[in-house]
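Raw query.txt, compact mmCIF, C-alpha atoms and all ligand atoms:
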```txt
# COMPACT_ATOMS: atom_id res chain seq x y z
CA MET A 23 -36.33 -29.59 6.23
CA ASN A 24 -39.40 -29.79 4.04
CA VAL A 25 -42.69 -30.18 5.98
CA GLN A 26 -45.86 -30.59 3.91
CA THR A 27 -49.41 -30.35 5.24
CA ASN A 28 -52.54 -32.42 4.55
CA ILE A 29 -50.97 -35.16 2.46
CA PRO A 30 -53.17 -38.16 1.51
CA LEU A 31 -51.73 -41.40 2.90
CA SER A 32 -53.05 -43.04 -0.26
CA THR A 33 -50.14 -41.32 -2.04
CA LEU A 34 -47.57 -42.59 0.50
CA THR A 35 -48.62 -46.25 0.63
CA THR A 36 -48.58 -48.76 -2.22
CA MET A 37 -52.07 -50.07 -1.31
CA LYS A 38 -53.30 -46.54 -2.17
CA ILE A 39 -55.82 -46.32 0.66
CA GLY A 40 -55.91 -43.76 3.45
CA GLY A 41 -56.97 -40.24 4.39
CA ASN A 42 -54.77 -37.24 5.08
CA ALA A 43 -51.79 -36.97 7.38
CA ASN A 44 -51.62 -33.55 9.05
CA TYR A 45 -47.91 -33.22 8.35
CA VAL A 46 -45.32 -35.15 6.33
CA ALA A 47 -41.59 -34.43 6.59
CA ASP A 48 -38.67 -35.97 4.72
CA VAL A 49 -35.74 -36.64 7.02
CA THR A 50 -32.25 -37.14 5.62
CA SER A 51 -30.07 -37.12 8.76
CA LYS A 52 -30.07 -38.45 12.32
CA ASP A 53 -29.91 -34.90 13.71
CA GLU A 54 -33.02 -33.89 11.76
CA LEU A 55 -34.81 -37.00 12.95
CA GLN A 56 -34.04 -36.36 16.61
CA GLN A 57 -34.93 -32.67 16.37
CA LEU A 58 -38.22 -33.37 14.62
CA TYR A 59 -39.17 -36.09 17.06
CA GLN A 60 -38.41 -33.95 20.10
CA ASN A 61 -40.35 -31.02 18.61
CA SER A 62 -43.38 -33.24 18.08
CA LYS A 63 -43.09 -34.51 21.62
CA LYS A 64 -43.19 -30.93 22.96
CA LEU A 65 -46.30 -30.28 20.86
CA ASN A 66 -47.83 -33.58 22.03
CA GLN A 67 -48.17 -34.56 18.40
CA PRO A 68 -48.17 -38.24 17.37
CA VAL A 69 -45.39 -39.40 15.05
CA TYR A 70 -45.20 -42.33 12.66
CA VAL A 71 -42.14 -43.20 10.59
CA ILE A 72 -42.49 -44.72 7.13
CA GLY A 73 -40.08 -45.94 4.48
CA GLY A 74 -41.51 -47.01 1.13
CA GLY A 75 -45.07 -47.50 2.44
CA SER A 76 -45.10 -50.87 0.70
CA ASN A 77 -46.00 -52.95 3.74
CA LEU A 78 -48.35 -50.52 5.39
CA ILE A 79 -52.13 -50.17 5.46
CA ALA A 80 -53.45 -46.69 6.21
CA HIS A 81 -56.90 -45.78 7.50
CA ASP A 82 -59.54 -43.48 6.03
CA GLU A 83 -59.27 -41.11 9.04
CA GLY A 84 -55.67 -40.44 8.04
CA PHE A 85 -53.14 -39.57 10.71
CA PRO A 86 -53.59 -36.69 13.17
CA GLY A 87 -49.90 -35.93 13.49
CA LEU A 88 -46.56 -36.06 11.73
CA ILE A 89 -45.44 -38.74 9.29
CA ILE A 90 -41.66 -38.87 9.07
CA HIS A 91 -40.49 -40.13 5.72
CA ASN A 92 -37.16 -41.77 6.52
CA LYS A 93 -34.73 -40.88 3.73
CA ILE A 94 -31.47 -41.29 5.66
CA GLY A 95 -29.14 -42.62 2.96
CA SER A 96 -25.61 -43.91 2.21
CA ILE A 97 -24.09 -47.34 1.65
CA THR A 98 -20.63 -47.88 3.18
CA ILE A 99 -18.29 -50.86 3.26
CA THR A 100 -16.91 -50.95 6.80
CA ASP A 101 -14.93 -54.18 6.67
CA ASP A 102 -13.60 -56.32 3.86
CA ASN A 103 -11.58 -59.50 4.22
CA PRO A 104 -10.95 -62.47 1.90
CA THR A 105 -14.16 -64.24 2.95
CA ALA A 106 -16.64 -61.58 4.05
CA THR A 107 -17.65 -57.95 3.58
CA THR A 108 -19.55 -55.83 6.09
CA ILE A 109 -21.82 -53.09 4.78
CA VAL A 110 -23.72 -50.37 6.63
CA ALA A 111 -26.74 -49.05 4.76
CA GLY A 112 -28.85 -46.03 5.68
CA ALA A 113 -32.45 -46.82 6.58
CA GLY A 114 -33.77 -44.64 3.76
CA GLU A 115 -31.90 -46.49 1.00
CA ILE A 116 -34.15 -48.37 -1.40
CA TRP A 117 -33.84 -52.07 -0.51
CA ASP A 118 -33.41 -53.26 -4.08
CA ASP A 119 -30.67 -50.66 -4.73
CA LEU A 120 -28.74 -52.27 -1.87
CA VAL A 121 -29.34 -55.75 -3.33
CA LYS A 122 -28.06 -54.57 -6.73
CA TYR A 123 -25.02 -52.94 -5.09
CA THR A 124 -24.06 -56.18 -3.30
CA VAL A 125 -24.71 -58.34 -6.38
CA ASP A 126 -22.53 -56.02 -8.51
CA LEU A 127 -19.75 -56.70 -5.97
CA GLU A 128 -20.47 -60.45 -6.27
CA LEU A 129 -21.39 -60.61 -2.59
CA SER A 130 -23.84 -63.24 -1.45
CA GLY A 131 -26.52 -62.93 1.22
CA ILE A 132 -29.51 -61.00 -0.10
CA GLU A 133 -29.55 -61.77 -3.85
CA ALA A 134 -32.69 -63.94 -3.50
CA MET A 135 -34.44 -60.96 -1.92
CA SER A 136 -34.13 -58.99 -5.17
CA GLY A 137 -37.14 -56.92 -6.16
CA ILE A 138 -38.73 -56.63 -2.72
CA PRO A 139 -40.24 -53.14 -2.59
CA GLY A 140 -39.47 -50.80 0.29
CA THR A 141 -36.50 -49.43 2.18
CA VAL A 142 -33.56 -50.85 4.13
CA GLY A 143 -34.95 -49.49 7.42
CA ALA A 144 -38.20 -51.40 7.00
CA ALA A 145 -36.44 -54.70 6.28
CA PRO A 146 -35.67 -55.71 9.90
CA VAL A 147 -39.16 -54.74 11.12
CA GLN A 148 -40.80 -57.71 9.42
CA ASN A 149 -37.61 -59.69 8.82
CA ILE A 150 -38.22 -59.67 5.06
CA GLY A 151 -37.65 -62.91 3.23
CA ALA A 152 -37.95 -64.55 -0.17
CA TYR A 153 -36.71 -67.56 -2.12
CA GLY A 154 -34.81 -69.13 0.74
CA GLN A 155 -33.19 -66.08 2.31
CA GLU A 156 -34.34 -63.76 5.07
CA LEU A 157 -32.85 -60.59 6.47
CA ALA A 158 -31.89 -62.29 9.74
CA ASP A 159 -29.33 -64.43 7.81
CA THR A 160 -27.09 -61.45 6.97
CA PHE A 161 -28.12 -58.98 9.67
CA VAL A 162 -25.41 -58.06 12.18
CA SER A 163 -26.91 -55.06 14.00
CA CYS A 164 -28.80 -51.86 13.43
CA GLU A 165 -28.60 -48.37 14.75
CA ALA A 166 -31.82 -46.79 15.95
CA TYR A 167 -33.14 -43.70 17.63
CA ASP A 168 -34.59 -44.79 20.96
CA THR A 169 -37.61 -42.57 21.48
CA THR A 170 -37.83 -43.59 25.14
CA THR A 171 -34.34 -42.44 26.11
CA ASP A 172 -33.76 -39.82 23.36
CA THR A 173 -30.47 -41.51 22.39
CA PHE A 174 -29.10 -43.46 19.42
CA VAL A 175 -28.52 -47.11 20.28
CA THR A 176 -27.08 -50.20 18.60
CA LEU A 177 -29.32 -53.25 18.58
CA THR A 178 -27.67 -56.62 18.01
CA TRP A 179 -29.09 -59.62 16.15
CA GLU A 180 -30.11 -61.13 19.49
CA ASP A 181 -31.79 -57.89 20.60
CA CYS A 182 -34.03 -57.92 17.52
CA LYS A 183 -35.53 -61.38 18.24
CA PHE A 184 -36.18 -62.27 14.61
CA SER A 185 -38.62 -64.95 13.59
CA TYR A 186 -40.79 -65.58 10.51
CA ARG A 187 -41.84 -62.08 9.34
CA HIS A 188 -41.42 -60.79 12.88
CA SER A 189 -39.07 -58.88 15.19
CA ILE A 190 -39.24 -56.74 18.34
CA PHE A 191 -39.95 -53.74 16.08
CA ARG A 192 -43.45 -55.04 15.34
CA GLY A 193 -43.74 -56.91 18.64
CA GLU A 194 -42.79 -55.93 22.17
CA ALA A 195 -40.91 -52.75 21.13
CA THR A 196 -43.50 -51.46 18.66
CA GLY A 197 -43.07 -47.71 18.28
CA ARG A 198 -40.00 -47.43 20.48
CA TYR A 199 -37.17 -47.45 17.95
CA ILE A 200 -36.65 -45.61 14.67
CA ILE A 201 -34.08 -47.52 12.64
CA THR A 202 -31.44 -45.25 11.08
CA SER A 203 -29.01 -47.79 9.57
CA VAL A 204 -28.55 -51.54 9.18
CA THR A 205 -25.24 -53.42 9.28
CA MET A 206 -25.05 -56.66 7.30
CA SER A 207 -22.36 -59.23 6.63
CA PHE A 208 -22.00 -60.79 3.18
CA ASN A 209 -19.89 -63.69 2.08
CA LYS A 210 -17.86 -64.14 -1.06
CA THR A 211 -18.77 -67.71 -1.88
CA LYS A 212 -20.91 -68.65 -4.86
CA PRO A 213 -24.55 -69.60 -4.16
CA GLU A 214 -24.72 -73.36 -3.69
CA PRO A 215 -27.59 -75.75 -4.45
CA PRO A 216 -30.05 -76.91 -3.19
CA PHE A 217 -32.00 -73.78 -4.05
CA TYR A 218 -35.52 -72.83 -3.00
CA ASP A 219 -37.97 -74.96 -4.94
CA ALA A 220 -39.32 -72.24 -7.26
CA LEU A 221 -35.77 -71.11 -8.07
CA ASP A 222 -34.64 -74.65 -8.72
CA LYS A 223 -37.51 -75.22 -11.14
CA TYR A 224 -36.75 -71.93 -12.90
CA LEU A 225 -33.05 -72.79 -13.32
CA THR A 226 -33.91 -76.25 -14.64
CA ALA A 227 -36.43 -74.81 -17.11
CA LYS A 228 -33.79 -72.36 -18.37
CA HIS A 229 -31.18 -75.17 -18.61
CA ILE A 230 -28.88 -73.38 -16.15
CA ASP A 231 -26.39 -75.74 -14.52
CA PRO A 232 -26.94 -75.24 -10.74
CA THR A 233 -23.21 -75.60 -10.07
CA THR A 234 -22.39 -72.56 -12.24
CA VAL A 235 -24.91 -70.26 -10.61
CA THR A 236 -23.72 -66.77 -9.57
CA VAL A 237 -25.42 -64.16 -7.40
CA GLN A 238 -26.26 -62.25 -10.57
CA ILE A 239 -28.00 -65.33 -12.03
CA ILE A 240 -30.03 -65.70 -8.81
CA ARG A 241 -30.97 -62.01 -8.88
CA ASP A 242 -32.07 -62.16 -12.52
CA ALA A 243 -34.04 -65.37 -11.91
CA VAL A 244 -35.82 -63.95 -8.85
CA LEU A 245 -36.70 -60.71 -10.65
CA ASP A 246 -38.15 -62.74 -13.52
CA ILE A 247 -40.12 -65.08 -11.23
CA ARG A 248 -41.48 -62.14 -9.22
CA MET A 249 -42.49 -60.27 -12.38
CA ASN A 250 -44.66 -63.22 -13.40
CA LYS A 251 -46.15 -63.96 -9.98
CA LEU A 252 -46.40 -60.71 -8.09
CA PRO A 253 -48.17 -57.53 -9.19
CA ASP A 254 -46.00 -54.42 -9.65
CA PRO A 255 -47.29 -52.00 -6.98
CA ARG A 256 -46.69 -49.10 -9.40
CA VAL A 257 -49.31 -50.61 -11.72
CA LEU A 258 -51.64 -52.58 -9.43
CA PRO A 259 -51.84 -51.17 -5.88
CA ASN A 260 -50.91 -53.86 -3.33
CA ALA A 261 -48.80 -54.48 -0.23
CA GLY A 262 -47.11 -57.76 -1.23
CA SER A 263 -48.24 -60.82 0.69
CA PHE A 264 -51.36 -59.70 2.49
CA PHE A 265 -51.37 -62.72 4.80
CA LYS A 266 -48.59 -64.54 6.60
CA ASN A 267 -48.18 -68.17 5.71
CA ALA A 268 -49.89 -70.23 8.38
CA ILE A 269 -47.77 -71.99 10.98
CA VAL A 270 -49.82 -74.86 12.38
CA GLU A 271 -49.16 -77.84 14.62
CA LYS A 272 -47.59 -80.69 12.67
CA TRP A 273 -50.40 -83.14 13.50
CA LYS A 274 -52.90 -80.72 11.99
CA ALA A 275 -50.93 -80.38 8.75
CA ASP A 276 -50.54 -84.18 8.58
CA ASP A 277 -54.28 -84.50 9.09
CA LEU A 278 -55.01 -82.06 6.24
CA LEU A 279 -52.55 -83.92 4.00
CA ASN A 280 -54.80 -86.98 4.28
CA THR A 281 -57.49 -84.98 2.46
CA TYR A 282 -55.34 -82.61 0.39
CA SER A 283 -52.35 -84.64 -0.70
CA ASP A 284 -51.14 -81.81 -3.00
CA MET A 285 -50.95 -79.26 -0.15
CA PRO A 286 -47.46 -77.69 -0.04
CA THR A 287 -45.89 -77.83 3.44
CA TYR A 288 -42.61 -76.63 4.90
CA PRO A 289 -41.26 -77.96 8.20
CA VAL A 290 -40.72 -75.22 10.82
CA ASP A 291 -39.55 -77.39 13.74
CA ASP A 292 -40.37 -80.82 15.15
CA GLN A 293 -43.87 -79.77 16.08
CA HIS A 294 -44.83 -77.09 13.56
CA THR A 295 -45.44 -76.92 9.81
CA LYS A 296 -45.87 -73.93 7.51
CA ILE A 297 -48.70 -73.95 4.97
CA PRO A 298 -48.75 -71.26 2.24
CA ALA A 299 -51.66 -68.85 2.73
CA GLY A 300 -51.86 -68.54 -1.08
CA TRP A 301 -52.60 -72.26 -1.38
CA LEU A 302 -55.27 -72.10 1.35
CA ILE A 303 -56.99 -69.13 -0.32
CA GLU A 304 -56.75 -70.64 -3.80
CA THR A 305 -58.18 -73.93 -2.54
CA CYS A 306 -61.19 -71.96 -1.26
CA ASN A 307 -61.70 -70.94 -4.92
CA LEU A 308 -61.04 -67.28 -4.18
CA LYS A 309 -58.18 -66.72 -6.62
CA GLY A 310 -59.08 -63.98 -9.11
CA GLU A 311 -62.23 -63.04 -7.15
CA VAL A 312 -62.98 -59.37 -6.46
CA ILE A 313 -64.31 -59.01 -2.91
CA HIS A 314 -65.42 -55.54 -1.77
CA GLY A 315 -63.20 -53.99 -4.46
CA MET A 316 -60.13 -56.01 -3.43
CA LYS A 317 -58.92 -58.57 -5.95
CA VAL A 318 -57.32 -61.84 -4.90
CA HIS A 319 -54.33 -61.78 -7.26
CA ASP A 320 -54.32 -64.28 -10.13
CA GLY A 321 -50.55 -64.89 -9.83
CA ASN A 322 -50.47 -65.58 -6.09
CA ALA A 323 -53.63 -65.65 -3.99
CA VAL A 324 -51.74 -64.39 -0.91
CA VAL A 325 -51.63 -60.93 -2.52
CA LEU A 326 -54.64 -58.60 -2.44
CA VAL A 327 -54.79 -55.91 -5.10
CA ASN A 328 -56.75 -52.72 -4.55
CA ASP A 329 -58.92 -52.97 -7.64
CA ALA A 330 -61.74 -50.60 -6.74
CA ALA A 331 -61.86 -50.38 -2.94
CA THR A 332 -63.47 -47.17 -1.76
CA GLY A 333 -61.46 -47.14 1.46
CA TYR A 334 -60.21 -49.05 4.49
CA ALA A 335 -63.68 -50.45 5.27
CA ASP A 336 -63.71 -52.31 1.94
CA LEU A 337 -60.26 -53.73 2.60
CA ALA A 338 -61.30 -54.81 6.11
CA ALA A 339 -64.49 -56.45 4.79
CA ALA A 340 -62.52 -58.34 2.12
CA ARG A 341 -59.94 -59.42 4.72
CA GLU A 342 -62.62 -60.72 7.09
CA GLN A 343 -64.42 -62.59 4.31
CA ILE A 344 -61.21 -64.32 3.22
CA ILE A 345 -60.21 -65.15 6.82
CA ASP A 346 -63.71 -66.54 7.52
CA THR A 347 -63.78 -68.64 4.34
CA VAL A 348 -60.35 -70.16 5.06
CA ARG A 349 -61.26 -70.77 8.71
CA ASP A 350 -64.54 -72.48 7.78
CA LYS A 351 -62.80 -74.82 5.35
CA PHE A 352 -59.50 -75.52 7.13
CA GLN A 353 -59.93 -74.34 10.76
CA ILE A 354 -56.87 -72.18 10.22
CA VAL A 355 -56.99 -68.46 11.05
CA LEU A 356 -54.89 -66.36 8.67
CA GLU A 357 -53.06 -63.32 10.00
CA GLN A 358 -52.51 -60.06 8.13
CA GLU A 359 -48.89 -59.49 7.14
CA PRO A 360 -48.63 -55.72 6.45
CA LEU A 361 -48.60 -53.33 9.39
CA GLU A 362 -51.45 -50.92 10.06
CA LEU A 363 -50.68 -47.21 10.23
CA THR A 364 -52.29 -46.40 13.55
CA LEU A 365 -51.43 -44.27 16.53
CA ILE A 366 -48.85 -46.74 17.85
CA VAL A 367 -45.96 -44.27 17.85
CA GLN A 368 -46.95 -41.58 20.29
CA ALA A 369 -44.56 -38.73 20.83
N1 LIG B 401 -49.37 -71.49 -3.84
C1 LIG B 401 -50.59 -71.88 -4.36
N2 LIG B 401 -51.46 -70.90 -4.75
C2 LIG B 401 -51.16 -69.59 -4.64
C3 LIG B 401 -49.94 -69.19 -4.09
C4 LIG B 401 -49.05 -70.17 -3.71
O1 LIG B 401 -50.89 -73.06 -4.49
O2 LIG B 401 -52.01 -68.77 -5.03
C5 LIG B 401 -48.41 -72.53 -3.50
C6 LIG B 401 -47.29 -72.57 -4.54
O3 LIG B 401 -47.61 -73.40 -5.59
C7 LIG B 401 -46.12 -73.09 -3.73
C8 LIG B 401 -46.38 -72.54 -2.34
O4 LIG B 401 -47.76 -72.19 -2.28
O5 LIG B 401 -46.16 -74.48 -3.66
C9 LIG B 401 -45.52 -71.35 -1.99
O6 LIG B 401 -45.74 -70.32 -2.92
P1 LIG B 401 -44.61 -69.25 -3.29
O7 LIG B 401 -43.29 -69.93 -3.46
O8 LIG B 401 -45.13 -68.41 -4.39
O9 LIG B 401 -44.45 -68.40 -2.00
P2 LIG B 401 -45.45 -67.91 -0.88
O10 LIG B 401 -45.31 -68.83 0.31
O11 LIG B 401 -46.80 -67.65 -1.41
C10 LIG B 401 -43.64 -66.45 0.28
C11 LIG B 401 -43.54 -65.05 0.78
C12 LIG B 401 -43.28 -64.09 -0.37
C13 LIG B 401 -42.02 -64.53 -1.11
C14 LIG B 401 -42.21 -65.96 -1.59
C15 LIG B 401 -40.99 -66.51 -2.27
C16 LIG B 401 -44.90 -64.93 2.79
C17 LIG B 401 -46.18 -64.46 3.39
N3 LIG B 401 -44.74 -64.68 1.49
O12 LIG B 401 -44.81 -66.49 -0.51
O13 LIG B 401 -43.05 -62.81 0.18
O14 LIG B 401 -41.76 -63.67 -2.21
O15 LIG B 401 -42.49 -66.81 -0.45
O16 LIG B 401 -40.03 -66.87 -1.34
O17 LIG B 401 -44.07 -65.51 3.48
C18 LIG B 401 -44.05 -60.75 0.82
O18 LIG B 401 -43.69 -60.99 1.97
O19 LIG B 401 -44.68 -59.69 0.56
C19 LIG B 401 -43.79 -61.71 -0.23
C20 LIG B 401 -44.24 -61.54 -1.47
```
Spit out the file's structure as structure tokens when you get a sec.
Ligand code: EPU
Amino acid sequence: MNVQTNIPLSTLTTMKIGGNANYVADVTSKDELQQLYQNSKKLNQPVYVIGGGSNLIAHDEGFPGLIIHNKIGSITITDDNPTATTIVAGAGEIWDDLVKYTVDLELSGIEAMSGIPGTVGAAPVQNIGAYGQELADTFVSCEAYDTTTDTFVTLTWEDCKFSYRHSIFRGEATGRYIITSVTMSFNKTKPEPPFYDALDKYLTAKHIDPTTVTVQIIRDAVLDIRMNKLPDPRVLPNAGSFFKNAIVEKWKADDLLNTYSDMPTYPVDDQHTKIPAGWLIETCNLKGEVIHGMKVHDGNAVVLVNDAATGYADLAAAREQIIDTVRDKFQIVLEQEPLELTLIVQA
């Protein structure tokens, strides 16, 4: 097992902010994970587990403990019948490699989530979603190391309590479980219209007949749309959507629609409506602005790019300014989407 010392978190997170972690270890097996965790516990050393670092904001103080880089791999088909295929993927697998693998097999379920950065193990934490699909739609269960009981457990779909960009892993059970693999069920039917609005428009513009669409066509379309709208974290440091879309009471959205008739809205339930954070920020004229070194992305204002931030304080100042501006105009308080790398996982 390779343990490195004094590694800048700016090199482990796509936002490229953050001071040093005392120790960083790559873990490739469940045994290694358990051993390392128990060792840290004996030493009273805090532990934090990361995957791709693409949805994580680190702090300038760094991390006074051990960062476990989850690289537990393997993709295995565990069940295959005429209508569905079940796949178990190691938490350390790259998410988009799994998407490509399933699309190559003509399996449907996660093709619209092509191109999302990060690892399989991080996907359930924030119930990743894009272009009409979310992880919860294909998720069956996951295996995790339970740091409280020092055992490996299986958590079912119900156990995970998924909702929009949320699960127990970033809610009530924060820090308790370390996901080691995810089991998903895929179906063998062709993707059927109606498609997510942006996809539908793309297909129409490319003169693709919606009834002939395959999972490969959806994957290619999503990768193309993302390339034009979202900054590549390898080129422009960012953590994807920096804010969650706002879920507000329906009466409030209806009220805003009286003034802003072009405001995009998505029904959540009878009483709630989702409003895109990108639209709210753009309508405050912040798109393209550089605030404390953080740039509101030109392609989608929900993304903040680290243009020239000198550290976490700049990011925090930019975040507060954007939240305040949106609140003053719309009386809606935006919430940060990426997690913060703090001392939440205590050995
Ligand atoms: N919009 C604007 N201005 C903007 C951005 C968006 O007016 O600057 C409007 C668009 O015109 C559209 C609506 O808002 O009418 C929705 O925009 P889009 O389809 O681009 O998606 P989004 O709501 O901004 C969400 C996810 C993305 C995901 C896309 C596609 C969240 C916080 N973000 O963004 O996820 O790729 O839908 O499904 O839910 C991520 O989580 O990191 C992420 C990129």
All residues within 9 Å of ligand LIG 401 (chain B) are required, counting only C-alpha atoms and all ligand atoms; please report them as number ranges by chain. A: 76-77, 134-135, 138-139, 148, 150-155, 186-187, 218-221, 244, 248, 251-252, 261-268, 284-287, 296-305, 309, 318-325, 359-360
Output C-alpha atoms for every residue in that selection, as a PDB file, in the frame of the given file.
```
ATOM      1  CA  SER A  76     -45.100 -50.870   0.700  1.00  0.00           C
ATOM      2  CA  ASN A  77     -46.000 -52.950   3.740  1.00  0.00           C
ATOM      3  CA  ALA A 134     -32.690 -63.940  -3.500  1.00  0.00           C
ATOM      4  CA  MET A 135     -34.440 -60.960  -1.920  1.00  0.00           C
ATOM      5  CA  ILE A 138     -38.730 -56.630  -2.720  1.00  0.00           C
ATOM      6  CA  PRO A 139     -40.240 -53.140  -2.590  1.00  0.00           C
ATOM      7  CA  GLN A 148     -40.800 -57.710   9.420  1.00  0.00           C
ATOM      8  CA  ILE A 150     -38.220 -59.670   5.060  1.00  0.00           C
ATOM      9  CA  GLY A 151     -37.650 -62.910   3.230  1.00  0.00           C
ATOM     10  CA  ALA A 152     -37.950 -64.550  -0.170  1.00  0.00           C
ATOM     11  CA  TYR A 153     -36.710 -67.560  -2.120  1.00  0.00           C
ATOM     12  CA  GLY A 154     -34.810 -69.130   0.740  1.00  0.00           C
ATOM     13  CA  GLN A 155     -33.190 -66.080   2.310  1.00  0.00           C
ATOM     14  CA  TYR A 186     -40.790 -65.580  10.510  1.00  0.00           C
ATOM     15  CA  ARG A 187     -41.840 -62.080   9.340  1.00  0.00           C
ATOM     16  CA  TYR A 218     -35.520 -72.830  -3.000  1.00  0.00           C
ATOM     17  CA  ASP A 219     -37.970 -74.960  -4.940  1.00  0.00           C
ATOM     18  CA  ALA A 220     -39.320 -72.240  -7.260  1.00  0.00           C
ATOM     19  CA  LEU A 221     -35.770 -71.110  -8.070  1.00  0.00           C
ATOM     20  CA  VAL A 244     -35.820 -63.950  -8.850  1.00  0.00           C
ATOM     21  CA  ARG A 248     -41.480 -62.140  -9.220  1.00  0.00           C
ATOM     22  CA  LYS A 251     -46.150 -63.960  -9.980  1.00  0.00           C
ATOM     23  CA  LEU A 252     -46.400 -60.710  -8.090  1.00  0.00           C
ATOM     24  CA  ALA A 261     -48.800 -54.480  -0.230  1.00  0.00           C
ATOM     25  CA  GLY A 262     -47.110 -57.760  -1.230  1.00  0.00           C
ATOM     26  CA  SER A 263     -48.240 -60.820   0.690  1.00  0.00           C
ATOM     27  CA  PHE A 264     -51.360 -59.700   2.490  1.00  0.00           C
ATOM     28  CA  PHE A 265     -51.370 -62.720   4.800  1.00  0.00           C
ATOM     29  CA  LYS A 266     -48.590 -64.540   6.600  1.00  0.00           C
ATOM     30  CA  ASN A 267     -48.180 -68.170   5.710  1.00  0.00           C
ATOM     31  CA  ALA A 268     -49.890 -70.230   8.380  1.00  0.00           C
ATOM     32  CA  ASP A 284     -51.140 -81.810  -3.000  1.00  0.00           C
ATOM     33  CA  MET A 285     -50.950 -79.260  -0.150  1.00  0.00           C
ATOM     34  CA  PRO A 286     -47.460 -77.690  -0.040  1.00  0.00           C
ATOM     35  CA  THR A 287     -45.890 -77.830   3.440  1.00  0.00           C
ATOM     36  CA  LYS A 296     -45.870 -73.930   7.510  1.00  0.00           C
ATOM     37  CA  ILE A 297     -48.700 -73.950   4.970  1.00  0.00           C
ATOM     38  CA  PRO A 298     -48.750 -71.260   2.240  1.00  0.00           C
ATOM     39  CA  ALA A 299     -51.660 -68.850   2.730  1.00  0.00           C
ATOM     40  CA  GLY A 300     -51.860 -68.540  -1.080  1.00  0.00           C
ATOM     41  CA  TRP A 301     -52.600 -72.260  -1.380  1.00  0.00           C
ATOM     42  CA  LEU A 302     -55.270 -72.100   1.350  1.00  0.00           C
ATOM     43  CA  ILE A 303     -56.990 -69.130  -0.320  1.00  0.00           C
ATOM     44  CA  GLU A 304     -56.750 -70.640  -3.800  1.00  0.00           C
ATOM     45  CA  THR A 305     -58.180 -73.930  -2.540  1.00  0.00           C
ATOM     46  CA  LYS A 309     -58.180 -66.720  -6.620  1.00  0.00           C
ATOM     47  CA  VAL A 318     -57.320 -61.840  -4.900  1.00  0.00           C
ATOM     48  CA  HIS A 319     -54.330 -61.780  -7.260  1.00  0.00           C
ATOM     49  CA  ASP A 320     -54.320 -64.280 -10.130  1.00  0.00           C
ATOM     50  CA  GLY A 321     -50.550 -64.890  -9.830  1.00  0.00           C
ATOM     51  CA  ASN A 322     -50.470 -65.580  -6.090  1.00  0.00           C
ATOM     52  CA  ALA A 323     -53.630 -65.650  -3.990  1.00  0.00           C
ATOM     53  CA  VAL A 324     -51.740 -64.390  -0.910  1.00  0.00           C
ATOM     54  CA  VAL A 325     -51.630 -60.930  -2.520  1.00  0.00           C
ATOM     55  CA  GLU A 359     -48.890 -59.490   7.140  1.00  0.00           C
ATOM     56  CA  PRO A 360     -48.630 -55.720   6.450  1.00  0.00           C
TER      57      PRO A 360
END
```
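Residue nearest Glu83 (chain A) within the list A:Pro30, A:Thr295, A:Asp231, A:Phe208: A:Pro30 [criterion: smallest interatomic distance, all atoms listed in the file].
Considering all atoms listed in the file, the residue among A:Ile97, A:Ile79, A:Val49, A:Leu308 positioned nearest to Leu337 (chain A) is A:Ile79.
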Which residues are near Thr100 (chain A)? Cut-off 9 Å, all atoms listed in the file, ignore same chain within fewer than 5 positions. Put them as a ChimeraX atom specification. /A:107-110
As an exercise, work out the distance from CA of Thr33 (chain A) to CA of Thr50 (chain A) in Å and give it to one decimal place.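 Spanning CA of Thr33 (chain A) to CA of Thr50 (chain A) is a straight-line distance of 19.9 Å.
Nearest-residue note for Glu115 (chain A): choosing from A:Leu177, A:Tyr45, A:Thr160, A:Val204, the minimum distance belongs to A:Val204, counting only C-alpha atoms.
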Work out how far apart CA of Glu271 (chain A) and CA of Ile345 (chain A) are and give it in Å to one decimal.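 Calculated distance between CA of Glu271 (chain A) and CA of Ile345 (chain A) is 18.5 Å.
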Exercise: Gly193 (chain A) partners within 10 Å, only C-alpha atoms, chain neighbours under 4 positions left out, as a PyMOL selection string: chain A and resi 147-148+182-183+188-189+197
Residue with the minimum atom-to-atom distance to Gly75 (chain A), picked from A:Gly333, A:Gly140, A:Pro213, A:Gly112 with all atoms listed in the file counted, is A:Gly140
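The interatomic distance for the pair CA of Lys351 (chain A) and CA of Lys272 (chain A) works out to 17.9 Å.
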For region 345-363 of chain A, what centre and edge lengths in Å (one decimal) does the axis-aligned box get once 3 Å is added on each side of all its listed atoms, as AutoDock Vina command-line options?
```
--center_x -56.6 --center_y -61.4 --center_z 7.7 --size_x 21.9 --size_y 34.3 --size_z 12.7
```
Any idea what's packed within 12 Å of Gln353 (chain A), counting only C-alpha atoms, ignoring anything in its chain fewer than 3 positions away? Could you give it as a list in words?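 So the residues in contact are Ala268, Val270, Glu271, Lys274, Ala275, Asp277, Leu278, Leu302, Ile345, Asp346, Thr347, Val348, Arg349, Asp350 and Leu356 of chain A.
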Neighbour list for Thr141 (chain A) as a PyMOL selection string, cut-off 12 Å, all atoms listed in the file, skip fewer than 4 positions in-chain: chain A and resi 71-77+91-95+111-121+137+145-148+150+201-204
Give the answer as one residue: which of A:Asp246, A:Asp159, A:Glu180, A:Asp292 has the shortest atom-to-atom distance to Leu225 (chain A), using all atoms listed in the file?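 Closest to Leu225 (chain A), using all atoms listed in the file: A:Asp246.
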Out of A:Ala144, A:Leu361, A:Val46, A:Ile247, which residue has the shortest atom-to-atom distance to Tyr224 (chain A) when counting all atoms listed in the file?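 Closest to Tyr224 (chain A) of all the choices is A:Ile247.
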